[in-house]
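*Asks:* My structure is below; once you've seen it, I'll send some questions.
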Amino acid sequence: MDSIRGRVRGSSLLVRFAVVSLVLVVLLGVLMARLLASMIAERGLQSATDAAVLTTTIAIQPLLTASDLADGVPADKVEALDRAVHGSRSGTEIARIKIWHDDGELVYVADPHTSSPARTEGQPSPELAEALDGTIEAEIISSSAEPDNAALIQRYGTLLEVYVPILYDGQTSPAGVFELYLPYQPVQASIRADTARAVALLFLGLVILWLGLFRVVATASRRLRDESRRNEHQAAHDALTGLANRTQLDKELAAATRLARDRGSVALVLIDLDRFREVNDTLGHARGDEVVVEMAARLSALTGPTDLVARVGGDEFAVLLRDIDGVDSALLHAERLRAALRAPVRVGGIDVALDARAGVSVHPLDAEDGPALMRHADVAAEHAKRSHAGICAYDPALDQHSTERLGLLAELDRAIAGGELVLHYQPTCDLAGRVLGVEALVRWAHPQRGLVPPLEFVPVAERTGLIHPLTEVVLDLALTQVRRWLDSGRELPVAVNISTRSLLQPGFAERVLTALGAHDVPSRLLVLEITETTIMEDPERALEVLTRLAGAGIRLSIDDFGTGYSSLAYLKVLPVHELKIDRTFVAALTTSERDRVIVDSTVALGNRLGLEVVAEGVEDVATLEALAGLGCRLAQGFLFGRPVPADQLRLDAPAVPVGAVGEGSDRVR
Ligand code: C2E
Ligand code: MG
Ligand code: MG
């Protein structure tokens, strides 16, 4: 619609230019034609006058002497004059000739068409007076009060009357004047013909000029229009995928919510690709771009002509659904979109499977206008991500939650510095329940809320710089506890969880070593747990830091193994000591064949690479037995003990019913 309007606007401008320039060109043509006509007329008159002058000076003047003029033309000369006038061969027809003496007396008059020239007394006119002063005078007469002239005009039509001074050698003033009457019609006809030709040529030239000008302007205007259409498109679209961009989405959202007031509802689905960054980091940005383009095509293929797909971030898409039939229908649509994105994408010869999270908000149920719809879809998408749900519809309660989290963030700073963070410890055991180490898990002892679990504030801290002081506090608390145990004669390794940003922070390894030194704890009693995501975020940096830490004797463990996106190639070169199989696989070990295979292969992989394998989240004896069957030697979970403050840890008594599982491993990590 906009483009049609633009084209109409563009072409109407061109038409306006065409009309205005045409009017100007025509005006110019008329003015020039007039000027030309008057110049041609002037030149015609001049050349006729010149011809008359030539006739008199060549053919007539030699027949007369100065005394003939003064004393009267003798009869024989009159005859000669008559002959000359009658038989003028100069090409100029003479209608009448008068010869004046310089005293104003008419000495001769001849009309070639009357057999005997009439001799009349003439009256000197102003033109005659001028000619007697030496100036050639010419005038056109088309009517006259003089009967003599009137008869001549009747016969010849308009006349050219020329007064030619008669000058003899050695004289400075004219001896007399020839007064010639020439038929003006031939001159006029030639002037007309010349003018018509010149004007025709002028107009032809102007038409060609105008056409050329029009063509140039039309081409330039078309180019400008194309260019402005391109710019308009670029301003509203994403360069990589050609999808609408955020600006365009905002515009369309505003329009859709405005229009939808009386009609059906409008839904916004915000989709976030999971772990897309890892694709970029491991396969390169060009491959990452290929994935984005493919995802964009899949989303576009699933949307109708009235819907809009936009790319609103590196790996974020938004789909605006118009005329949707309520939340359920929007969720169904979102599910279809998500399913399409989850199908593997083949890039660079390998299949990459990405997950996607979607947040849905519906107008007018969830939001009145575009910005609110966007905000609420964002809150829903954020919740889908945090809760590991694939899709989440907006709920005002979610908003409250995110506001609460913002409140938490404001307080977290104070909490870290003010000693509100506490550590709970969960034992890691062999399958017989012997405690071989503990994992330190942070909690926030909030004065009003009570004990806040880490998932509610660690991710928030990770998104801000607060994760650094948090990691330092946890490390300090954990090492303080290890020192306490050492002082009471117990060597118990402690595992501390390290976030990506902390691990990759410059100087991290040095700070850990300094902390060990400050608490006088041997490095073999510290285990750092990192996730696959951390490693893949910046594999080279991670390798450098981990090598430094491992070189100092610190043990390294890959946490939540199997949930991330790791490369076996890195696993081989990383100086890690342990894999912790994520509890989602362990929990389903006895019920899902697929999870059993995953745990089985991970245990085998760990054993092959010479790594310890810890099964996380062991809650029952059946799982424990299954683990034993798979050759897994270490476990952690509620079956052995929940995370508790250090003083509540039961370190000596076996945590599982004796005999539940055969002999456990003696290996200490
Ligand atoms: P994680 O490192 O995988 O820690 C294990 C989590 O699983 C703990 O949750 C623990 O309570 C829970 N868990 C252990 N056994 C079982 C079981 O048998 N069944 C079930 N359902 N859950 C079990 P928690 O303490 O809520 O910690 C959650 C996550 O928060 C941790 O996962 C870790 O990633 C993070 N976290 C905890 N403390 C810290 C910390 O000091 N720094 C950082 N950066 N992250 C931390
Ligand atoms: Mg952990
Ligand atoms: Mg874990």
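Going by the structure tokens order, chains are called A, B, ..., each with residues numbered from 1, while ligands are numbered from 1 in the order shown.
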Using backbone DSSP assignments, extract all strand (DSSP E or B) residues from range 557-634 of chain A; output them as an MDAnalysis selection string.
*Replies:* chainID A and resid 557:561 578:581 612:615 634
*Asks:* Hey, which residues come within 6 Å of ligand 1 if we count only C-alpha atoms and all ligand atoms? Could you give them as a PyMOL selection string?
*Replies:* chain A and resi 441-442+453-455+471+474+497-499+560+617-619+636-638+643
*Asks:* Take the selection from the previous step and output its residues with N, CA and C atoms, as a PDB file, in the first residue's frame.
*Replies:*
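The new file result_3.pdb reads:
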ATOM      1  N   LEU A 441      26.908 -25.218  48.442  1.00  0.00           N
ATOM      2  CA  LEU A 441      25.807 -24.612  47.687  1.00  0.00           C
ATOM      3  C   LEU A 441      25.335 -23.376  48.444  1.00  0.00           C
ATOM      4  N   VAL A 442      25.345 -22.273  47.754  1.00  0.00           N
ATOM      5  CA  VAL A 442      25.078 -21.010  48.432  1.00  0.00           C
ATOM      6  C   VAL A 442      23.582 -20.790  48.659  1.00  0.00           C
ATOM      7  N   PRO A 453      16.808 -19.723  47.673  1.00  0.00           N
ATOM      8  CA  PRO A 453      17.640 -20.687  46.931  1.00  0.00           C
ATOM      9  C   PRO A 453      18.487 -19.998  45.850  1.00  0.00           C
ATOM     10  N   PRO A 454      19.624 -20.597  45.485  1.00  0.00           N
ATOM     11  CA  PRO A 454      20.561 -19.942  44.558  1.00  0.00           C
ATOM     12  C   PRO A 454      19.965 -19.618  43.188  1.00  0.00           C
ATOM     13  N   LEU A 455      19.037 -20.463  42.716  1.00  0.00           N
ATOM     14  CA  LEU A 455      18.502 -20.205  41.376  1.00  0.00           C
ATOM     15  C   LEU A 455      17.727 -18.888  41.301  1.00  0.00           C
ATOM     16  N   THR A 471      31.142 -14.907  44.091  1.00  0.00           N
ATOM     17  CA  THR A 471      32.060 -16.045  43.976  1.00  0.00           C
ATOM     18  C   THR A 471      33.158 -15.951  45.041  1.00  0.00           C
ATOM     19  N   VAL A 474      31.746 -16.916  48.447  1.00  0.00           N
ATOM     20  CA  VAL A 474      31.502 -18.360  48.543  1.00  0.00           C
ATOM     21  C   VAL A 474      32.832 -19.115  48.722  1.00  0.00           C
ATOM     22  N   ASN A 497      30.921 -24.086  43.108  1.00  0.00           N
ATOM     23  CA  ASN A 497      30.416 -23.817  41.749  1.00  0.00           C
ATOM     24  C   ASN A 497      30.937 -22.473  41.247  1.00  0.00           C
ATOM     25  N   ILE A 498      31.461 -22.486  40.043  1.00  0.00           N
ATOM     26  CA  ILE A 498      32.026 -21.254  39.480  1.00  0.00           C
ATOM     27  C   ILE A 498      31.265 -20.865  38.208  1.00  0.00           C
ATOM     28  N   SER A 499      30.762 -19.652  38.226  1.00  0.00           N
ATOM     29  CA  SER A 499      30.031 -19.176  37.039  1.00  0.00           C
ATOM     30  C   SER A 499      30.993 -18.812  35.918  1.00  0.00           C
ATOM     31  N   ASP A 560      26.704 -30.633  35.723  1.00  0.00           N
ATOM     32  CA  ASP A 560      25.503 -30.756  34.883  1.00  0.00           C
ATOM     33  C   ASP A 560      25.852 -31.336  33.515  1.00  0.00           C
ATOM     34  N   GLY A 617      21.862 -36.099  41.905  1.00  0.00           N
ATOM     35  CA  GLY A 617      20.413 -36.232  42.103  1.00  0.00           C
ATOM     36  C   GLY A 617      19.931 -37.655  42.354  1.00  0.00           C
ATOM     37  N   VAL A 618      20.732 -38.427  43.060  1.00  0.00           N
ATOM     38  CA  VAL A 618      20.283 -39.796  43.373  1.00  0.00           C
ATOM     39  C   VAL A 618      19.325 -39.723  44.560  1.00  0.00           C
ATOM     40  N   GLU A 619      18.093 -40.136  44.306  1.00  0.00           N
ATOM     41  CA  GLU A 619      17.080 -39.981  45.353  1.00  0.00           C
ATOM     42  C   GLU A 619      16.613 -41.304  45.928  1.00  0.00           C
ATOM     43  N   GLN A 636      25.696 -38.361  44.332  1.00  0.00           N
ATOM     44  CA  GLN A 636      25.308 -37.248  45.199  1.00  0.00           C
ATOM     45  C   GLN A 636      23.802 -37.166  45.093  1.00  0.00           C
ATOM     46  N   GLY A 637      23.128 -36.851  46.165  1.00  0.00           N
ATOM     47  CA  GLY A 637      21.678 -36.753  46.051  1.00  0.00           C
ATOM     48  C   GLY A 637      21.008 -36.856  47.399  1.00  0.00           C
ATOM     49  N   PHE A 638      19.695 -36.632  47.367  1.00  0.00           N
ATOM     50  CA  PHE A 638      18.933 -36.612  48.615  1.00  0.00           C
ATOM     51  C   PHE A 638      19.017 -37.939  49.362  1.00  0.00           C
ATOM     52  N   PRO A 643      21.448 -30.748  50.992  1.00  0.00           N
ATOM     53  CA  PRO A 643      22.419 -29.729  51.382  1.00  0.00           C
ATOM     54  C   PRO A 643      22.023 -29.152  52.747  1.00  0.00           C
TER      55      PRO A 643
END
*Asks:* Neighbours of Gly551 in chain A within 12 Å (only C-alpha atoms; same-chain residues fewer than 3 positions away dropped), as a PyMOL selection string?
*Replies:* chain A and resi 509+513+523-524+543-548+554-556+574-576
*Asks:* Hey, can you spit out that residue selection with N, CA, C and O atoms as a CSV table (one decimal), in the first residue's frame?
*Replies:*
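Saved as result03.csv:
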chain,number,residue,atom,x,y,z
A,509,ALA,N,42.3,-17.1,38.4
A,509,ALA,CA,43.2,-18.2,38.9
A,509,ALA,C,44.0,-17.7,40.1
A,509,ALA,O,44.2,-18.3,41.1
A,513,LEU,N,44.2,-18.9,44.1
A,513,LEU,CA,45.4,-19.4,44.7
A,513,LEU,C,45.7,-18.6,45.9
A,513,LEU,O,46.1,-19.1,47.0
A,523,SER,N,45.8,-27.3,47.9
A,523,SER,CA,44.9,-27.1,46.7
A,523,SER,C,44.2,-28.4,46.3
A,523,SER,O,43.1,-28.3,45.7
A,524,ARG,N,44.7,-29.5,46.7
A,524,ARG,CA,44.0,-30.8,46.4
A,524,ARG,C,42.6,-30.9,47.1
A,524,ARG,O,41.8,-31.7,46.7
A,543,LEU,N,40.5,-22.9,28.6
A,543,LEU,CA,41.6,-23.9,28.7
A,543,LEU,C,42.8,-23.3,29.4
A,543,LEU,O,43.4,-24.0,30.2
A,544,GLU,N,43.0,-22.0,29.1
A,544,GLU,CA,44.2,-21.3,29.7
A,544,GLU,C,44.0,-21.3,31.2
A,544,GLU,O,44.9,-21.7,32.0
A,545,VAL,N,42.8,-20.8,31.7
A,545,VAL,CA,42.6,-20.7,33.1
A,545,VAL,C,42.6,-22.0,33.8
A,545,VAL,O,43.2,-22.2,34.9
A,546,LEU,N,41.9,-23.0,33.2
A,546,LEU,CA,41.8,-24.3,33.8
A,546,LEU,C,43.2,-25.0,33.9
A,546,LEU,O,43.5,-25.6,34.9
A,547,THR,N,44.0,-24.8,32.9
A,547,THR,CA,45.3,-25.4,32.9
A,547,THR,C,46.1,-24.8,34.1
A,547,THR,O,46.8,-25.5,34.8
A,548,ARG,N,46.0,-23.5,34.2
A,548,ARG,CA,46.7,-22.8,35.3
A,548,ARG,C,46.2,-23.3,36.7
A,548,ARG,O,47.1,-23.7,37.6
A,554,ILE,N,44.6,-27.9,41.8
A,554,ILE,CA,43.2,-27.8,42.1
A,554,ILE,C,42.4,-28.8,41.2
A,554,ILE,O,42.8,-29.0,40.0
A,555,ARG,N,41.4,-29.4,41.7
A,555,ARG,CA,40.7,-30.4,40.9
A,555,ARG,C,39.5,-29.7,40.2
A,555,ARG,O,38.9,-28.8,40.7
A,556,LEU,N,39.3,-30.2,39.0
A,556,LEU,CA,38.2,-29.5,38.2
A,556,LEU,C,37.1,-30.5,37.8
A,556,LEU,O,37.4,-31.7,37.5
A,574,LEU,N,41.1,-30.7,27.9
A,574,LEU,CA,40.9,-30.0,29.2
A,574,LEU,C,41.5,-30.8,30.4
A,574,LEU,O,41.3,-32.0,30.5
A,575,PRO,N,42.1,-30.1,31.3
A,575,PRO,CA,42.7,-30.8,32.5
A,575,PRO,C,41.7,-31.0,33.5
A,575,PRO,O,41.9,-30.7,34.7
A,576,VAL,N,40.5,-31.6,33.1
A,576,VAL,CA,39.4,-31.9,34.2
A,576,VAL,C,39.6,-33.3,34.8
A,576,VAL,O,40.3,-34.2,34.2
*Asks:* List all protein, DNA and RNA residues that have an atom no more than 9 Å from any atom of ligand 2, counting only C-alpha atoms and all ligand atoms, and report them as a PDB file with all heavy atoms, in the first residue's frame.
*Replies:*
ATOM      1  N   GLU A 439      29.777 -30.694  48.381  1.00  0.00           N
ATOM      2  CA  GLU A 439      29.619 -29.574  47.443  1.00  0.00           C
ATOM      3  C   GLU A 439      29.029 -28.411  48.216  1.00  0.00           C
ATOM      4  O   GLU A 439      28.052 -28.578  48.958  1.00  0.00           O
ATOM      5  CB  GLU A 439      28.697 -29.952  46.280  1.00  0.00           C
ATOM      6  CG  GLU A 439      28.460 -28.771  45.349  1.00  0.00           C
ATOM      7  CD  GLU A 439      27.639 -29.092  44.106  1.00  0.00           C
ATOM      8  OE1 GLU A 439      27.208 -30.260  43.948  1.00  0.00           O
ATOM      9  OE2 GLU A 439      27.421 -28.172  43.300  1.00  0.00           O
ATOM     10  N   ALA A 440      29.661 -27.252  48.070  1.00  0.00           N
ATOM     11  CA  ALA A 440      29.157 -26.051  48.757  1.00  0.00           C
ATOM     12  C   ALA A 440      28.095 -25.409  47.881  1.00  0.00           C
ATOM     13  O   ALA A 440      28.336 -25.128  46.708  1.00  0.00           O
ATOM     14  CB  ALA A 440      30.306 -25.079  48.980  1.00  0.00           C
ATOM     15  N   LEU A 441      26.908 -25.218  48.442  1.00  0.00           N
ATOM     16  CA  LEU A 441      25.807 -24.612  47.687  1.00  0.00           C
ATOM     17  C   LEU A 441      25.335 -23.376  48.444  1.00  0.00           C
ATOM     18  O   LEU A 441      24.998 -23.446  49.628  1.00  0.00           O
ATOM     19  CB  LEU A 441      24.675 -25.624  47.522  1.00  0.00           C
ATOM     20  CG  LEU A 441      25.066 -26.839  46.659  1.00  0.00           C
ATOM     21  CD1 LEU A 441      24.171 -28.036  46.940  1.00  0.00           C
ATOM     22  CD2 LEU A 441      25.027 -26.500  45.176  1.00  0.00           C
ATOM     23  N   ALA A 495      33.684 -28.803  46.980  1.00  0.00           N
ATOM     24  CA  ALA A 495      33.477 -28.374  45.582  1.00  0.00           C
ATOM     25  C   ALA A 495      32.733 -27.040  45.583  1.00  0.00           C
ATOM     26  O   ALA A 495      31.732 -26.890  46.282  1.00  0.00           O
ATOM     27  CB  ALA A 495      32.671 -29.420  44.830  1.00  0.00           C
ATOM     28  N   VAL A 496      33.241 -26.091  44.828  1.00  0.00           N
ATOM     29  CA  VAL A 496      32.603 -24.772  44.729  1.00  0.00           C
ATOM     30  C   VAL A 496      32.166 -24.562  43.269  1.00  0.00           C
ATOM     31  O   VAL A 496      32.924 -24.848  42.344  1.00  0.00           O
ATOM     32  CB  VAL A 496      33.586 -23.661  45.163  1.00  0.00           C
ATOM     33  CG1 VAL A 496      32.991 -22.279  44.905  1.00  0.00           C
ATOM     34  CG2 VAL A 496      33.948 -23.825  46.635  1.00  0.00           C
ATOM     35  N   ASN A 497      30.921 -24.086  43.108  1.00  0.00           N
ATOM     36  CA  ASN A 497      30.416 -23.817  41.749  1.00  0.00           C
ATOM     37  C   ASN A 497      30.937 -22.473  41.247  1.00  0.00           C
ATOM     38  O   ASN A 497      30.847 -21.470  41.949  1.00  0.00           O
ATOM     39  CB  ASN A 497      28.886 -23.794  41.760  1.00  0.00           C
ATOM     40  CG  ASN A 497      28.320 -25.168  42.057  1.00  0.00           C
ATOM     41  OD1 ASN A 497      28.266 -26.028  41.193  1.00  0.00           O
ATOM     42  ND2 ASN A 497      27.932 -25.377  43.321  1.00  0.00           N
ATOM     43  N   ILE A 498      31.461 -22.486  40.043  1.00  0.00           N
ATOM     44  CA  ILE A 498      32.026 -21.254  39.480  1.00  0.00           C
ATOM     45  C   ILE A 498      31.265 -20.865  38.208  1.00  0.00           C
ATOM     46  O   ILE A 498      31.159 -21.656  37.273  1.00  0.00           O
ATOM     47  CB  ILE A 498      33.526 -21.436  39.125  1.00  0.00           C
ATOM     48  CG1 ILE A 498      34.325 -21.898  40.352  1.00  0.00           C
ATOM     49  CG2 ILE A 498      34.121 -20.159  38.530  1.00  0.00           C
ATOM     50  CD1 ILE A 498      34.382 -20.901  41.494  1.00  0.00           C
ATOM     51  N   LEU A 528      36.740 -27.211  41.715  1.00  0.00           N
ATOM     52  CA  LEU A 528      35.936 -26.142  41.100  1.00  0.00           C
ATOM     53  C   LEU A 528      34.994 -26.778  40.089  1.00  0.00           C
ATOM     54  O   LEU A 528      35.419 -27.536  39.220  1.00  0.00           O
ATOM     55  CB  LEU A 528      36.832 -25.109  40.407  1.00  0.00           C
ATOM     56  CG  LEU A 528      37.776 -24.327  41.329  1.00  0.00           C
ATOM     57  CD1 LEU A 528      38.556 -23.281  40.536  1.00  0.00           C
ATOM     58  CD2 LEU A 528      37.013 -23.647  42.470  1.00  0.00           C
ATOM     59  N   GLU A 529      33.695 -26.492  40.257  1.00  0.00           N
ATOM     60  CA  GLU A 529      32.702 -27.038  39.324  1.00  0.00           C
ATOM     61  C   GLU A 529      32.362 -25.990  38.279  1.00  0.00           C
ATOM     62  O   GLU A 529      31.975 -24.866  38.605  1.00  0.00           O
ATOM     63  CB  GLU A 529      31.431 -27.447  40.081  1.00  0.00           C
ATOM     64  CG  GLU A 529      31.651 -28.643  40.979  1.00  0.00           C
ATOM     65  CD  GLU A 529      30.333 -29.234  41.491  1.00  0.00           C
ATOM     66  OE1 GLU A 529      29.254 -28.801  41.027  1.00  0.00           O
ATOM     67  OE2 GLU A 529      30.394 -30.117  42.367  1.00  0.00           O
ATOM     68  N   ILE A 530      32.540 -26.391  37.044  1.00  0.00           N
ATOM     69  CA  ILE A 530      32.191 -25.478  35.943  1.00  0.00           C
ATOM     70  C   ILE A 530      31.262 -26.218  34.991  1.00  0.00           C
ATOM     71  O   ILE A 530      31.217 -27.440  34.992  1.00  0.00           O
ATOM     72  CB  ILE A 530      33.452 -25.016  35.176  1.00  0.00           C
ATOM     73  CG1 ILE A 530      34.305 -26.248  34.877  1.00  0.00           C
ATOM     74  CG2 ILE A 530      34.241 -23.983  35.955  1.00  0.00           C
ATOM     75  CD1 ILE A 530      35.508 -25.983  34.090  1.00  0.00           C
ATOM     76  N   THR A 531      30.531 -25.463  34.197  1.00  0.00           N
ATOM     77  CA  THR A 531      29.601 -26.141  33.273  1.00  0.00           C
ATOM     78  C   THR A 531      30.200 -26.191  31.861  1.00  0.00           C
ATOM     79  O   THR A 531      31.140 -25.454  31.556  1.00  0.00           O
ATOM     80  CB  THR A 531      28.254 -25.399  33.202  1.00  0.00           C
ATOM     81  OG1 THR A 531      28.508 -24.114  32.682  1.00  0.00           O
ATOM     82  CG2 THR A 531      27.583 -25.306  34.551  1.00  0.00           C
ATOM     83  N   SER A 557      35.894 -30.061  37.890  1.00  0.00           N
ATOM     84  CA  SER A 557      34.771 -30.955  37.637  1.00  0.00           C
ATOM     85  C   SER A 557      33.807 -30.299  36.642  1.00  0.00           C
ATOM     86  O   SER A 557      33.551 -29.093  36.720  1.00  0.00           O
ATOM     87  CB  SER A 557      34.062 -31.203  38.974  1.00  0.00           C
ATOM     88  OG  SER A 557      32.840 -31.842  38.749  1.00  0.00           O
ATOM     89  N   ILE A 558      33.311 -31.080  35.693  1.00  0.00           N
ATOM     90  CA  ILE A 558      32.310 -30.516  34.764  1.00  0.00           C
ATOM     91  C   ILE A 558      30.923 -30.855  35.308  1.00  0.00           C
ATOM     92  O   ILE A 558      30.530 -32.018  35.375  1.00  0.00           O
ATOM     93  CB  ILE A 558      32.499 -31.032  33.335  1.00  0.00           C
ATOM     94  CG1 ILE A 558      33.901 -30.625  32.837  1.00  0.00           C
ATOM     95  CG2 ILE A 558      31.424 -30.450  32.416  1.00  0.00           C
ATOM     96  CD1 ILE A 558      34.152 -30.898  31.383  1.00  0.00           C
ATOM     97  N   ASP A 559      30.215 -29.780  35.683  1.00  0.00           N
ATOM     98  CA  ASP A 559      28.917 -29.903  36.353  1.00  0.00           C
ATOM     99  C   ASP A 559      27.795 -30.052  35.320  1.00  0.00           C
ATOM    100  O   ASP A 559      27.940 -29.623  34.175  1.00  0.00           O
ATOM    101  CB  ASP A 559      28.697 -28.615  37.167  1.00  0.00           C
ATOM    102  CG  ASP A 559      27.701 -28.811  38.286  1.00  0.00           C
ATOM    103  OD1 ASP A 559      27.176 -29.931  38.429  1.00  0.00           O
ATOM    104  OD2 ASP A 559      27.463 -27.841  39.038  1.00  0.00           O
ATOM    105  N   ASP A 560      26.704 -30.633  35.723  1.00  0.00           N
ATOM    106  CA  ASP A 560      25.503 -30.756  34.883  1.00  0.00           C
ATOM    107  C   ASP A 560      25.852 -31.336  33.515  1.00  0.00           C
ATOM    108  O   ASP A 560      25.297 -30.924  32.482  1.00  0.00           O
ATOM    109  CB  ASP A 560      24.824 -29.389  34.683  1.00  0.00           C
ATOM    110  CG  ASP A 560      24.505 -28.722  35.999  1.00  0.00           C
ATOM    111  OD1 ASP A 560      24.459 -29.438  37.019  1.00  0.00           O
ATOM    112  OD2 ASP A 560      24.306 -27.495  36.005  1.00  0.00           O
ATOM    113  N   LYS A 580      30.122 -34.571  36.242  1.00  0.00           N
ATOM    114  CA  LYS A 580      28.941 -34.801  37.087  1.00  0.00           C
ATOM    115  C   LYS A 580      27.735 -34.914  36.161  1.00  0.00           C
ATOM    116  O   LYS A 580      27.341 -33.931  35.518  1.00  0.00           O
ATOM    117  CB  LYS A 580      28.758 -33.643  38.075  1.00  0.00           C
ATOM    118  CG  LYS A 580      29.862 -33.582  39.112  1.00  0.00           C
ATOM    119  CD  LYS A 580      29.612 -32.476  40.116  1.00  0.00           C
ATOM    120  CE  LYS A 580      28.755 -32.965  41.276  1.00  0.00           C
ATOM    121  NZ  LYS A 580      28.711 -31.950  42.359  1.00  0.00           N
ATOM    122  N   GLU A 616      24.567 -37.122  39.764  1.00  0.00           N
ATOM    123  CA  GLU A 616      23.886 -36.125  40.604  1.00  0.00           C
ATOM    124  C   GLU A 616      22.434 -36.535  40.823  1.00  0.00           C
ATOM    125  O   GLU A 616      21.860 -37.238  39.989  1.00  0.00           O
ATOM    126  CB  GLU A 616      23.841 -34.774  39.884  1.00  0.00           C
ATOM    127  CG  GLU A 616      25.124 -34.020  39.778  1.00  0.00           C
ATOM    128  CD  GLU A 616      24.906 -32.650  39.137  1.00  0.00           C
ATOM    129  OE1 GLU A 616      24.051 -32.545  38.237  1.00  0.00           O
ATOM    130  OE2 GLU A 616      25.586 -31.707  39.550  1.00  0.00           O
TER     131      GLU A 616
END
*Asks:* For Leu253 in chain A, find every residue with an atom within 10 Å (counting only C-alpha atoms), except residues of its own chain fewer than 5 positions away, and show them as a PyMOL selection string.
*Replies:* chain A and resi 247-248+258-259+266-268+308+320-322+369-371+373-374
*Asks:* Kindly export the residues of the current selection with N, CA, C and O atoms, as a CSV table (one decimal), in the first residue's frame.
*Replies:*
chain,number,residue,atom,x,y,z
A,247,THR,N,12.0,-2.0,14.9
A,247,THR,CA,11.2,-0.7,14.7
A,247,THR,C,9.9,-1.0,13.9
A,247,THR,O,8.9,-0.5,14.3
A,248,GLN,N,10.0,-1.9,12.9
A,248,GLN,CA,8.9,-2.2,12.1
A,248,GLN,C,7.9,-3.0,13.0
A,248,GLN,O,6.7,-2.8,12.9
A,258,ARG,N,-4.3,-1.4,17.8
A,258,ARG,CA,-5.3,-0.3,17.6
A,258,ARG,C,-6.5,-0.8,16.8
A,258,ARG,O,-7.7,-0.6,17.2
A,259,LEU,N,-6.2,-1.5,15.7
A,259,LEU,CA,-7.2,-2.0,14.8
A,259,LEU,C,-8.0,-3.2,15.5
A,259,LEU,O,-9.2,-3.3,15.2
A,266,VAL,N,-5.0,-10.2,19.2
A,266,VAL,CA,-3.7,-10.2,18.5
A,266,VAL,C,-2.8,-10.8,19.5
A,266,VAL,O,-2.9,-10.6,20.7
A,267,ALA,N,-1.9,-11.7,19.0
A,267,ALA,CA,-1.0,-12.4,20.0
A,267,ALA,C,0.5,-12.1,19.5
A,267,ALA,O,0.8,-11.9,18.3
A,268,LEU,N,1.3,-12.0,20.5
A,268,LEU,CA,2.7,-11.8,20.2
A,268,LEU,C,3.5,-13.0,20.8
A,268,LEU,O,3.4,-13.3,22.0
A,308,LEU,N,3.2,-11.4,11.1
A,308,LEU,CA,4.5,-10.7,10.8
A,308,LEU,C,5.5,-11.4,11.6
A,308,LEU,O,5.4,-11.6,12.8
A,320,LEU,N,4.1,-11.8,15.2
A,320,LEU,CA,2.8,-11.1,15.5
A,320,LEU,C,1.7,-11.9,14.8
A,320,LEU,O,1.7,-12.0,13.6
A,321,LEU,N,0.8,-12.4,15.6
A,321,LEU,CA,-0.3,-13.1,15.0
A,321,LEU,C,-1.6,-12.3,15.1
A,321,LEU,O,-2.0,-11.8,16.2
A,322,ARG,N,-2.2,-12.0,13.9
A,322,ARG,CA,-3.4,-11.2,13.9
A,322,ARG,C,-4.6,-12.2,13.8
A,322,ARG,O,-4.5,-13.3,13.3
A,369,ASP,N,-1.8,-2.2,24.8
A,369,ASP,CA,-1.2,-1.6,23.6
A,369,ASP,C,0.1,-2.4,23.2
A,369,ASP,O,0.5,-3.4,23.9
A,370,GLY,N,0.7,-2.0,22.1
A,370,GLY,CA,1.9,-2.7,21.6
A,370,GLY,C,3.0,-2.8,22.6
A,370,GLY,O,3.5,-4.0,22.9
A,371,PRO,N,3.5,-1.7,23.2
A,371,PRO,CA,4.6,-1.8,24.2
A,371,PRO,C,4.3,-2.8,25.3
A,371,PRO,O,5.2,-3.6,25.7
A,373,LEU,N,2.3,-5.3,25.3
A,373,LEU,CA,2.2,-6.7,24.7
A,373,LEU,C,3.7,-7.2,24.6
A,373,LEU,O,4.0,-8.4,24.9
A,374,MET,N,4.6,-6.4,24.2
A,374,MET,CA,6.0,-6.7,24.0
A,374,MET,C,6.6,-7.1,25.3
A,374,MET,O,7.3,-8.1,25.5
*Asks:* What's around Ser300 in chain A at 10 Å? Count only C-alpha atoms, leave out sequence neighbours fewer than 6 positions away in its own chain, and write the answer as JSON, numbers by chain.
*Replies:* {"A": [243, 294, 307, 308, 309, 310, 319, 337]}
*Asks:* Applying 12 Å and only C-alpha atoms, which residues near range 585-599 of chain A remain after dropping the ones on its own chain fewer than 5 positions away? List them as a PyMOL selection string.
*Replies:* chain A and resi 560-563+579-580+604-606+613-632+635-639
*Asks:* Pick out the closest residue to Glu278 in chain A from this set: A:Thr480, A:Thr533, A:Gln648, A:Ser125. Count only C-alpha atoms.
*Replies:*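 Among the listed residues, A:Thr533 lies closest to Glu278 in chain A.
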*Asks:* Restricting the calculation to only C-alpha atoms and all ligand atoms, which member of A:Asn149, A:Ser502, A:Asn607, A:Gln426 is positioned closest to ligand 3?
*Replies:* A:Gln426
*Asks:* Can you list, as a PyMOL selection string, every residue of range 101-182 of chain A that DSSP puts in alpha helix (DSSP H)?
*Replies:* chain A and resi 126-132+147-156
*Asks:* Tell me, as a list in words, which residues lie within 9 Å of Leu69 in chain A, counting only C-alpha atoms; anything in the same chain fewer than 4 positions away does not count.
*Replies:*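 My list of contacting residues is Leu64, Thr65, Val73, Ile99, Trp100, His101, Asp102, Val107, Tyr108, Ala175 and Gly176 of chain A.
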